[in-house]
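Colleague: Structure file entry.cif (mmCIF, C-alpha atoms) right here:
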```cif
data_run
#
loop_
_atom_site.label_atom_id
_atom_site.label_comp_id
_atom_site.auth_asym_id
_atom_site.auth_seq_id
_atom_site.Cartn_x
_atom_site.Cartn_y
_atom_site.Cartn_z
CA MET A 1 -18.60 -18.47 -11.26
CA GLU A 2 -17.39 -16.04 -13.90
CA THR A 3 -14.49 -13.76 -12.97
CA SER A 4 -16.67 -10.68 -13.49
CA GLU A 5 -19.21 -12.07 -11.00
CA PHE A 6 -16.40 -12.89 -8.57
CA ARG A 7 -15.16 -9.30 -8.67
CA LEU A 8 -18.67 -7.88 -8.36
CA ASN A 9 -19.41 -9.99 -5.29
CA ARG A 10 -16.24 -8.73 -3.63
CA LEU A 11 -17.76 -5.24 -3.56
CA PHE A 12 -20.40 -6.42 -1.07
CA ALA A 13 -19.81 -7.24 2.61
CA LYS A 14 -20.28 -10.90 3.48
CA ASP A 15 -22.44 -10.25 6.54
CA THR A 16 -24.77 -7.54 5.20
CA GLY A 17 -24.66 -8.14 1.45
CA ARG A 18 -24.34 -4.37 0.98
CA THR A 19 -21.72 -1.88 -0.15
CA MET A 20 -20.89 1.79 0.42
CA ILE A 21 -19.05 3.44 -2.46
CA VAL A 22 -18.01 7.07 -2.84
CA ALA A 23 -18.36 8.60 -6.31
CA PHE A 24 -15.70 11.16 -7.16
CA ASP A 25 -15.98 11.38 -10.94
CA ARG A 26 -18.06 14.57 -11.20
CA GLY A 27 -15.22 16.60 -12.69
CA LEU A 28 -15.65 14.74 -15.98
CA GLY A 29 -18.96 16.41 -16.70
CA ALA A 30 -19.46 19.30 -14.27
CA SER A 31 -17.78 21.45 -11.67
CA ALA A 32 -16.06 19.77 -8.71
CA LYS A 33 -15.87 23.01 -6.72
CA GLY A 34 -17.07 23.13 -3.15
CA GLY A 35 -14.90 20.31 -1.84
CA GLY A 36 -13.38 18.53 -4.81
CA GLU A 37 -10.58 20.97 -5.59
CA SER A 38 -7.92 18.74 -3.99
CA ALA A 39 -8.47 15.28 -5.43
CA LYS A 40 -5.75 13.78 -3.29
CA SER A 41 -7.42 15.01 -0.09
CA VAL A 42 -10.77 13.54 -1.12
CA VAL A 43 -9.29 10.17 -2.05
CA GLN A 44 -7.37 10.06 1.24
CA SER A 45 -10.57 10.85 3.17
CA VAL A 46 -12.40 8.01 1.45
CA VAL A 47 -9.56 5.63 2.26
CA ASP A 48 -9.46 6.79 5.89
CA ALA A 49 -13.23 6.31 6.23
CA GLY A 50 -13.02 2.63 5.26
CA ALA A 51 -15.44 2.94 2.32
CA ASP A 52 -15.96 -0.25 0.35
CA GLY A 53 -15.23 1.41 -2.99
CA ILE A 54 -14.43 4.63 -4.79
CA LEU A 55 -15.49 5.69 -8.29
CA LEU A 56 -12.84 7.69 -10.15
CA SER A 57 -12.09 8.98 -13.62
CA PRO A 58 -9.12 7.42 -15.44
CA GLY A 59 -6.96 10.49 -14.81
CA LEU A 60 -7.70 10.71 -11.09
CA LEU A 61 -6.90 7.04 -10.65
CA ASP A 62 -3.59 7.56 -12.43
CA ARG A 63 -2.68 10.46 -10.14
CA ASN A 64 -3.82 8.89 -6.86
CA ARG A 65 -3.01 5.22 -7.29
CA GLN A 66 -0.44 5.28 -4.48
CA LEU A 67 -3.19 6.11 -1.95
CA LEU A 68 -5.12 3.00 -2.94
CA ALA A 69 -2.21 0.57 -3.18
CA HIS A 70 -2.63 -1.34 0.06
CA ARG A 71 -4.60 -4.29 1.39
CA HIS A 72 -7.52 -2.50 3.03
CA ALA A 73 -8.01 0.22 0.43
CA PRO A 74 -11.43 0.63 -1.23
CA ALA A 75 -12.16 -1.24 -4.43
CA VAL A 76 -11.60 0.96 -7.50
CA LEU A 77 -14.41 1.62 -9.96
CA VAL A 78 -13.46 3.54 -13.10
CA ARG A 79 -15.78 5.77 -15.11
CA THR A 80 -15.19 4.89 -18.76
CA ASP A 81 -17.59 7.27 -20.52
CA PHE A 82 -18.50 10.94 -20.77
CA ILE A 83 -21.75 12.85 -20.99
CA PHE A 84 -22.05 16.42 -22.16
CA LEU A 85 -25.03 18.31 -20.74
CA GLY A 86 -24.74 21.95 -21.73
CA ALA A 87 -26.64 23.14 -18.68
CA LEU A 88 -23.87 21.83 -16.42
CA GLN A 89 -21.07 23.74 -18.14
CA PRO A 90 -19.77 27.16 -17.06
CA ALA A 91 -21.89 30.03 -18.36
CA GLY A 92 -21.01 31.06 -21.89
CA THR A 93 -18.92 27.97 -22.70
CA ALA A 94 -21.50 25.62 -24.24
CA GLY A 95 -24.82 25.33 -25.96
CA ALA A 96 -27.79 23.35 -24.74
CA GLY A 97 -26.65 20.13 -26.41
CA GLU A 98 -26.63 16.62 -25.00
CA GLU A 99 -23.91 14.24 -26.17
CA TYR A 100 -22.48 10.90 -25.14
CA ARG A 101 -19.05 9.38 -25.77
CA ARG A 102 -17.13 6.36 -24.57
CA LEU A 103 -13.65 7.31 -23.32
CA ILE A 104 -11.74 4.08 -22.68
CA ASP A 105 -12.50 0.39 -23.08
CA ALA A 106 -12.54 -2.34 -20.44
CA ARG A 107 -9.04 -3.57 -21.25
CA GLU A 108 -7.64 -0.08 -20.70
CA ALA A 109 -9.57 0.19 -17.44
CA ALA A 110 -8.16 -3.14 -16.27
CA ALA A 111 -4.65 -1.89 -17.10
CA LEU A 112 -5.31 1.15 -14.91
CA GLY A 113 -6.15 -1.18 -11.99
CA ALA A 114 -9.95 -1.12 -12.06
CA ASP A 115 -12.01 -3.64 -10.10
CA ALA A 116 -15.13 -2.64 -12.08
CA ILE A 117 -16.16 -0.20 -14.77
CA VAL A 118 -19.06 2.27 -14.69
CA MET A 119 -21.03 3.73 -17.62
CA PHE A 120 -24.14 5.85 -18.05
CA LEU A 121 -27.44 4.86 -19.65
CA ILE A 122 -29.50 8.03 -19.99
CA LEU A 123 -33.12 8.40 -21.03
CA GLY A 124 -34.89 11.57 -22.09
CA ASN A 125 -32.50 12.92 -24.69
CA PRO A 126 -34.36 14.72 -27.50
CA ASN A 127 -32.05 13.10 -30.05
CA ASP A 128 -32.95 9.40 -30.26
CA ALA A 129 -29.65 8.62 -32.00
CA VAL A 130 -27.72 9.67 -28.89
CA THR A 131 -29.78 7.25 -26.78
CA ALA A 132 -29.31 4.44 -29.30
CA ASP A 133 -25.54 5.04 -29.43
CA ASN A 134 -25.46 5.00 -25.63
CA ALA A 135 -27.27 1.64 -25.52
CA ARG A 136 -24.93 0.15 -28.12
CA ALA A 137 -21.87 1.36 -26.20
CA VAL A 138 -23.15 -0.26 -23.00
CA ALA A 139 -23.82 -3.59 -24.72
CA ARG A 140 -20.38 -3.69 -26.30
CA ALA A 141 -18.71 -2.66 -23.04
CA ALA A 142 -20.45 -5.47 -21.16
CA ARG A 143 -19.01 -8.07 -23.52
CA GLU A 144 -15.53 -6.54 -23.42
CA ALA A 145 -15.59 -6.17 -19.64
CA HIS A 146 -16.50 -9.82 -19.12
CA GLU A 147 -13.74 -10.89 -21.46
CA VAL A 148 -11.18 -9.29 -19.11
CA GLY A 149 -13.01 -10.35 -15.93
CA LEU A 150 -14.49 -7.00 -14.92
CA PRO A 151 -18.10 -6.31 -13.93
CA LEU A 152 -20.02 -3.46 -15.55
CA ILE A 153 -22.11 -1.16 -13.35
CA VAL A 154 -24.50 1.02 -15.33
CA GLU A 155 -25.71 4.36 -13.99
CA THR A 156 -29.32 4.46 -15.15
CA VAL A 157 -30.65 8.02 -15.02
CA LEU A 158 -33.43 10.18 -16.42
CA TRP A 159 -31.28 13.21 -17.16
CA GLY A 160 -32.31 14.09 -20.70
CA SER A 161 -33.90 17.49 -21.19
CA LEU A 162 -37.24 15.91 -22.13
CA VAL A 163 -37.63 14.38 -18.64
CA GLN A 164 -39.95 16.12 -16.18
CA ASP A 165 -39.51 13.75 -13.24
CA GLN A 166 -36.08 12.19 -12.70
CA ALA A 167 -37.52 9.93 -9.99
CA ASP A 168 -40.35 8.45 -12.08
CA ALA A 169 -40.65 4.83 -10.97
CA GLU A 170 -42.00 3.42 -14.24
CA ALA A 171 -39.22 5.04 -16.27
CA LEU A 172 -36.59 3.80 -13.81
CA ILE A 173 -38.01 0.27 -14.02
CA TYR A 174 -37.69 0.44 -17.79
CA VAL A 175 -34.15 1.84 -17.93
CA ASN A 176 -32.91 -0.58 -15.25
CA ARG A 177 -34.31 -3.54 -17.17
CA LEU A 178 -32.80 -2.16 -20.36
CA ALA A 179 -29.39 -1.96 -18.69
CA ALA A 180 -29.67 -5.57 -17.54
CA GLU A 181 -30.76 -6.67 -21.02
CA LEU A 182 -27.67 -4.96 -22.44
CA GLY A 183 -25.41 -6.86 -20.04
CA ALA A 184 -25.04 -4.76 -16.90
CA ASP A 185 -24.00 -6.66 -13.78
CA ALA A 186 -25.46 -4.00 -11.45
CA VAL A 187 -27.14 -0.61 -11.74
CA LYS A 188 -26.68 2.69 -9.94
CA THR A 189 -29.92 4.63 -9.97
CA GLN A 190 -32.14 7.31 -8.45
CA TYR A 191 -34.22 6.86 -5.28
CA THR A 192 -37.86 7.58 -6.11
CA GLY A 193 -38.40 9.30 -2.76
CA ASP A 194 -40.99 6.73 -1.71
CA VAL A 195 -40.28 3.31 -0.19
CA ALA A 196 -43.23 1.54 -1.84
CA SER A 197 -42.44 2.73 -5.37
CA MET A 198 -38.73 2.13 -4.83
CA ARG A 199 -39.43 -1.41 -3.71
CA GLU A 200 -41.26 -1.93 -7.00
CA VAL A 201 -38.22 -0.58 -8.88
CA VAL A 202 -35.92 -2.97 -6.99
CA GLU A 203 -38.20 -5.96 -7.51
CA ASN A 204 -38.31 -5.30 -11.26
CA THR A 205 -34.55 -4.87 -11.62
CA PRO A 206 -32.91 -8.27 -12.28
CA VAL A 207 -29.44 -7.21 -11.10
CA PRO A 208 -28.20 -5.63 -7.82
CA LEU A 209 -29.37 -2.04 -7.43
CA LEU A 210 -27.25 0.71 -5.87
CA LEU A 211 -28.46 4.20 -4.99
CA LEU A 212 -26.95 7.40 -6.30
CA GLY A 213 -26.71 10.32 -3.87
CA GLY A 214 -27.94 13.25 -5.93
CA PRO A 215 -27.46 16.93 -5.07
CA LYS A 216 -25.68 17.97 -1.89
CA THR A 217 -27.84 18.45 1.21
CA ASP A 218 -26.70 20.17 4.41
CA ASP A 219 -29.25 18.26 6.50
CA ILE A 220 -27.40 15.13 7.63
CA ASP A 221 -30.46 13.88 9.53
CA ALA A 222 -32.58 14.11 6.37
CA LEU A 223 -29.83 12.34 4.42
CA ARG A 224 -29.70 9.53 6.97
CA ALA A 225 -33.49 9.19 6.95
CA SER A 226 -33.81 9.08 3.15
CA THR A 227 -30.91 6.65 2.91
CA THR A 228 -32.45 4.36 5.53
CA ASP A 229 -35.78 4.41 3.69
CA ALA A 230 -34.14 3.73 0.35
CA LEU A 231 -32.14 0.81 1.71
CA SER A 232 -35.30 -0.68 3.25
CA SER A 233 -36.65 -1.08 -0.29
CA GLY A 234 -34.06 -3.76 -1.00
CA ALA A 235 -31.29 -1.65 -2.53
CA ARG A 236 -27.87 -3.25 -2.10
CA GLY A 237 -25.93 -0.12 -1.20
CA LEU A 238 -24.88 3.43 -1.99
CA VAL A 239 -22.75 5.22 -4.54
CA TYR A 240 -22.79 8.73 -3.02
CA GLY A 241 -20.73 11.62 -4.33
CA ARG A 242 -21.34 15.25 -3.41
CA ASN A 243 -22.98 14.34 -0.11
CA VAL A 244 -19.61 12.91 0.91
CA TRP A 245 -16.84 14.95 -0.72
CA GLN A 246 -18.64 18.29 -0.31
CA ALA A 247 -19.31 17.61 3.38
CA THR A 248 -17.51 19.64 6.03
CA ASP A 249 -15.63 16.47 7.01
CA PRO A 250 -15.80 13.92 4.15
CA ALA A 251 -14.17 11.14 6.18
CA VAL A 252 -16.70 11.46 9.03
CA THR A 253 -19.65 11.59 6.62
CA ALA A 254 -18.37 8.58 4.68
CA ARG A 255 -17.90 6.64 7.90
CA THR A 256 -21.42 7.59 9.05
CA LEU A 257 -22.92 6.33 5.80
CA HIS A 258 -20.75 3.21 5.84
CA ASP A 259 -21.99 2.35 9.33
CA LEU A 260 -25.59 3.04 8.29
CA VAL A 261 -25.34 0.77 5.25
CA HIS A 262 -23.85 -2.09 7.24
CA SER A 263 -25.90 -1.72 10.42
CA ALA A 264 -28.94 -3.62 9.16
#
```
Have the structure of the file written as structure tokens, please.
Modeller:
Amino acid sequence: METSEFRLNRLFAKDTGRTMIVAFDRGLGASAKGGGESAKSVVQSVVDAGADGILLSPGLLDRNRQLLAHRHAPAVLVRTDFIFLGALQPAGTAGAGEEYRRLIDAREAAALGADAIVMFLILGNPNDAVTADNARAVARAAREAHEVGLPLIVETVLWGSLVQDQADAEALIYVNRLAAELGADAVKTQYTGDVASMREVVENTPVPLLLLGGPKTDDIDALRASTTDALSSGARGLVYGRNVWQATDPAVTARTLHDLVHSA
């Protein structure tokens, strides 16, 4: 077993084969208002909830490492790249551009204390060169990550401005397979909203598939129902962000989702 595979497997519970990870890296590309103003409070809530992992930017890991430095703390995933989507920036501060850059390499992430690294693979950008550069960055990162024993989780999303349906099953099947071909050890991707089509996405993805949480919803029952449906398709777990750290009580919500993931 390769070291990268060893570390990836440690993200998943032995009895359920699933994982519940909280994503708190939104401040890299968009506003973290509405619950993310105090990073320390959010990280502490995730720790208190017993989540299996937490996804952080390099800077937030640096500033909150002491909260994660104990035996039962969540595994640490580090976001190593940056996307610029003009529509997500404060009004009057940006154009409508779409750009992609890698921020740190796998060796730097390992030095920060990462258990895994996370990168985007985005389809739908009107500039094909941006997409090609993104794919090349993912492929190179996969090789570098494995050299230092880290797994690479790729967030496969249809966020380019050309996309009309971010939950299109055929496009998700393609981008997930592309991520695996480039060297991803797992993918984090969109739920299609339908169990049958999502099952097809899972079956055509040759690496473990995790679900992203998407926009915040105030309907916890609807969130539980959609999560249950999505997991029934064969997804291996969650990487939920705003639906945890923007909740009224992030620790309670994280614990609820953790129990849901590991109840089946």
Colleague: Using all atoms listed in the file, which protein or nucleic acid residues come within 6 Å of stretch 20-30 of chain A? Drop anything in the same chain fewer than 5 positions from it, and give the result as a list in words.
Modeller: Ala51, Asp52, Gly53, Ile54, Leu55, Leu56, Ser57, Leu88, Gly237, Leu238, Val239, Tyr240, Gly241 and His258 of chain A
Colleague: Name the residues in contact with A:Glu98 at a cut-off of 10 Å, using all atoms listed in the file, excluding same-chain residues fewer than 2 positions from it; report them as a PyMOL selection string.
Modeller: chain A and resi 83-87+95-96+100+125-127+130+159-161
Colleague: Might you pull out every residue within 12 Å of A:Val252, with only C-alpha atoms counted and same-chain residues fewer than 2 positions away left off, and present them as a list of chain:residue names?
Modeller: A:Val42, A:Ser45, A:Val46, A:Val47, A:Asp48, A:Ala49, A:Gly50, A:Ala51, A:Ile220, A:Asn243, A:Val244, A:Trp245, A:Gln246, A:Ala247, A:Thr248, A:Asp249, A:Pro250, A:Ala254, A:Arg255, A:Thr256, A:Leu257, A:His258, A:Asp259
Colleague: Keeping only C-alpha atoms, take the residues you just selected and write them out as a PDB file, in the coordinates of the input.
Modeller:
```
ATOM      1  CA  VAL A  42     -10.770  13.540  -1.120  1.00  0.00           C
ATOM      2  CA  SER A  45     -10.570  10.850   3.170  1.00  0.00           C
ATOM      3  CA  VAL A  46     -12.400   8.010   1.450  1.00  0.00           C
ATOM      4  CA  VAL A  47      -9.560   5.630   2.260  1.00  0.00           C
ATOM      5  CA  ASP A  48      -9.460   6.790   5.890  1.00  0.00           C
ATOM      6  CA  ALA A  49     -13.230   6.310   6.230  1.00  0.00           C
ATOM      7  CA  GLY A  50     -13.020   2.630   5.260  1.00  0.00           C
ATOM      8  CA  ALA A  51     -15.440   2.940   2.320  1.00  0.00           C
ATOM      9  CA  ILE A 220     -27.400  15.130   7.630  1.00  0.00           C
ATOM     10  CA  ASN A 243     -22.980  14.340  -0.110  1.00  0.00           C
ATOM     11  CA  VAL A 244     -19.610  12.910   0.910  1.00  0.00           C
ATOM     12  CA  TRP A 245     -16.840  14.950  -0.720  1.00  0.00           C
ATOM     13  CA  GLN A 246     -18.640  18.290  -0.310  1.00  0.00           C
ATOM     14  CA  ALA A 247     -19.310  17.610   3.380  1.00  0.00           C
ATOM     15  CA  THR A 248     -17.510  19.640   6.030  1.00  0.00           C
ATOM     16  CA  ASP A 249     -15.630  16.470   7.010  1.00  0.00           C
ATOM     17  CA  PRO A 250     -15.800  13.920   4.150  1.00  0.00           C
ATOM     18  CA  ALA A 254     -18.370   8.580   4.680  1.00  0.00           C
ATOM     19  CA  ARG A 255     -17.900   6.640   7.900  1.00  0.00           C
ATOM     20  CA  THR A 256     -21.420   7.590   9.050  1.00  0.00           C
ATOM     21  CA  LEU A 257     -22.920   6.330   5.800  1.00  0.00           C
ATOM     22  CA  HIS A 258     -20.750   3.210   5.840  1.00  0.00           C
ATOM     23  CA  ASP A 259     -21.990   2.350   9.330  1.00  0.00           C
TER      24      ASP A 259
END
```
Colleague: Smallest atom-to-atom distance to A:Asp165: which of A:Glu203, A:Gln190, A:Glu147, A:Ala142, using only C-alpha atoms?
Modeller: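 With only C-alpha atoms as the atom set, the closest residue is A:Gln190.
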Colleague: Please report the interatomic distance between atom CA of A:Gly149 and atom CA of A:Asp15 in Å with one decimal.
Modeller: 24.4 Å
Colleague: For the PyMOL selection byres ((chain A and resi 105-121) around 8), applied here, can you spell out every residue it catches as an mmCIF file with C-alpha atoms, keeping the file's coordinate frame?
Modeller:
```cif
data_model
loop_
_atom_site.group_PDB
_atom_site.id
_atom_site.type_symbol
_atom_site.label_atom_id
_atom_site.label_comp_id
_atom_site.auth_asym_id
_atom_site.auth_seq_id
_atom_site.Cartn_x
_atom_site.Cartn_y
_atom_site.Cartn_z
ATOM 1 C CA ARG A 7 -15.160 -9.300 -8.670
ATOM 2 C CA LEU A 8 -18.670 -7.880 -8.360
ATOM 3 C CA PRO A 58 -9.120 7.420 -15.440
ATOM 4 C CA LEU A 61 -6.900 7.040 -10.650
ATOM 5 C CA ASP A 62 -3.590 7.560 -12.430
ATOM 6 C CA ALA A 75 -12.160 -1.240 -4.430
ATOM 7 C CA VAL A 76 -11.600 0.960 -7.500
ATOM 8 C CA LEU A 77 -14.410 1.620 -9.960
ATOM 9 C CA VAL A 78 -13.460 3.540 -13.100
ATOM 10 C CA ARG A 79 -15.780 5.770 -15.110
ATOM 11 C CA THR A 80 -15.190 4.890 -18.760
ATOM 12 C CA ASP A 81 -17.590 7.270 -20.520
ATOM 13 C CA ILE A 83 -21.750 12.850 -20.990
ATOM 14 C CA ARG A 102 -17.130 6.360 -24.570
ATOM 15 C CA LEU A 103 -13.650 7.310 -23.320
ATOM 16 C CA ILE A 104 -11.740 4.080 -22.680
ATOM 17 C CA ILE A 122 -29.500 8.030 -19.990
ATOM 18 C CA LEU A 123 -33.120 8.400 -21.030
ATOM 19 C CA THR A 131 -29.780 7.250 -26.780
ATOM 20 C CA ASN A 134 -25.460 5.000 -25.630
ATOM 21 C CA ALA A 135 -27.270 1.640 -25.520
ATOM 22 C CA VAL A 138 -23.150 -0.260 -23.000
ATOM 23 C CA ALA A 141 -18.710 -2.660 -23.040
ATOM 24 C CA GLU A 144 -15.530 -6.540 -23.420
ATOM 25 C CA ALA A 145 -15.590 -6.170 -19.640
ATOM 26 C CA VAL A 148 -11.180 -9.290 -19.110
ATOM 27 C CA LEU A 150 -14.490 -7.000 -14.920
ATOM 28 C CA PRO A 151 -18.100 -6.310 -13.930
ATOM 29 C CA LEU A 152 -20.020 -3.460 -15.550
ATOM 30 C CA ILE A 153 -22.110 -1.160 -13.350
ATOM 31 C CA VAL A 154 -24.500 1.020 -15.330
ATOM 32 C CA GLU A 155 -25.710 4.360 -13.990
ATOM 33 C CA THR A 156 -29.320 4.460 -15.150
ATOM 34 C CA VAL A 157 -30.650 8.020 -15.020
ATOM 35 C CA VAL A 175 -34.150 1.840 -17.930
ATOM 36 C CA ALA A 179 -29.390 -1.960 -18.690
#
```
Colleague: For atom CA of A:Tyr191 and atom CA of A:Pro74, quote the distance in Å rounded to one decimal.
Modeller: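 It comes out at 24.0 Å.
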Colleague: If you measure from atom CA of A:Gly59 to atom CA of A:Leu212, what distance in Å do you get, rounded to one decimal?
Modeller: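 Atom CA of A:Gly59 sits 21.9 Å away from atom CA of A:Leu212.
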Colleague: Please determine, counting all atoms listed in the file, which residue among A:Ser263, A:Thr205, A:Ser38, A:Thr3 has the shortest atom-to-atom distance to A:Glu170.
Modeller: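 Result for the nearest residue to A:Glu170: A:Thr205.
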Colleague: When the PyMOL selection byres ((chain A and resi 208) around 9) is applied to the structure above, which residues does it catch, written out as a VMD selection string?
Modeller: chain A and resid 185 to 188 202 205 to 207 209 to 210 235 to 237
Colleague: For A:Ala196, which residue out of A:Ala167, A:Leu260, A:Ser226, A:Ser232 is the nearest one, using only C-alpha atoms?
Modeller: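 Smallest distance to A:Ala196 is found for A:Ser232.
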Colleague: In terms of the shortest atom-to-atom distance over only C-alpha atoms, which of A:Arg101, A:Arg143, A:Ala32, A:Glu37 is closest to A:Gly183?
Modeller: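 Once distances to A:Gly183 are computed over only C-alpha atoms, the minimum belongs to A:Arg143.
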Colleague: Only C-alpha atoms needed: put stretch 57-90 of chain A from the block into a file as a PDB file, in the first residue's frame.
Modeller:
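What follows is the written file result_25.pdb:
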```pdb
ATOM      1  CA  SER A  57      -6.600  27.287   3.659  1.00  0.00           C
ATOM      2  CA  PRO A  58      -2.856  27.394   4.411  1.00  0.00           C
ATOM      3  CA  GLY A  59      -3.224  30.575   6.459  1.00  0.00           C
ATOM      4  CA  LEU A  60      -6.109  29.316   8.597  1.00  0.00           C
ATOM      5  CA  LEU A  61      -4.224  26.123   9.366  1.00  0.00           C
ATOM      6  CA  ASP A  62      -1.214  28.181  10.435  1.00  0.00           C
ATOM      7  CA  ARG A  63      -3.340  30.291  12.783  1.00  0.00           C
ATOM      8  CA  ASN A  64      -5.404  27.447  14.279  1.00  0.00           C
ATOM      9  CA  ARG A  65      -2.977  24.550  14.434  1.00  0.00           C
ATOM     10  CA  GLN A  66      -3.088  24.444  18.242  1.00  0.00           C
ATOM     11  CA  LEU A  67      -6.800  23.528  18.138  1.00  0.00           C
ATOM     12  CA  LEU A  68      -6.034  20.491  15.987  1.00  0.00           C
ATOM     13  CA  ALA A  69      -2.929  19.277  17.793  1.00  0.00           C
ATOM     14  CA  HIS A  70      -4.355  16.359  19.748  1.00  0.00           C
ATOM     15  CA  ARG A  71      -5.126  12.695  19.225  1.00  0.00           C
ATOM     16  CA  HIS A  72      -8.835  12.869  18.398  1.00  0.00           C
ATOM     17  CA  ALA A  73      -8.756  16.017  16.280  1.00  0.00           C
ATOM     18  CA  PRO A  74     -10.109  15.909  12.710  1.00  0.00           C
ATOM     19  CA  ALA A  75      -7.766  15.085   9.865  1.00  0.00           C
ATOM     20  CA  VAL A  76      -6.495  18.232   8.135  1.00  0.00           C
ATOM     21  CA  LEU A  77      -7.081  18.795   4.434  1.00  0.00           C
ATOM     22  CA  VAL A  78      -5.378  21.843   2.916  1.00  0.00           C
ATOM     23  CA  ARG A  79      -6.623  23.807  -0.076  1.00  0.00           C
ATOM     24  CA  THR A  80      -3.591  24.402  -2.289  1.00  0.00           C
ATOM     25  CA  ASP A  81      -5.114  26.395  -5.158  1.00  0.00           C
ATOM     26  CA  PHE A  82      -7.190  29.487  -5.870  1.00  0.00           C
ATOM     27  CA  ILE A  83     -10.010  30.291  -8.252  1.00  0.00           C
ATOM     28  CA  PHE A  84     -11.076  33.781  -9.196  1.00  0.00           C
ATOM     29  CA  LEU A  85     -14.715  34.103 -10.222  1.00  0.00           C
ATOM     30  CA  GLY A  86     -15.542  37.781 -10.623  1.00  0.00           C
ATOM     31  CA  ALA A  87     -19.190  37.260  -9.755  1.00  0.00           C
ATOM     32  CA  LEU A  88     -18.220  36.166  -6.236  1.00  0.00           C
ATOM     33  CA  GLN A  89     -16.196  39.285  -5.446  1.00  0.00           C
ATOM     34  CA  PRO A  90     -17.553  42.381  -3.660  1.00  0.00           C
TER      35      PRO A  90
END
```
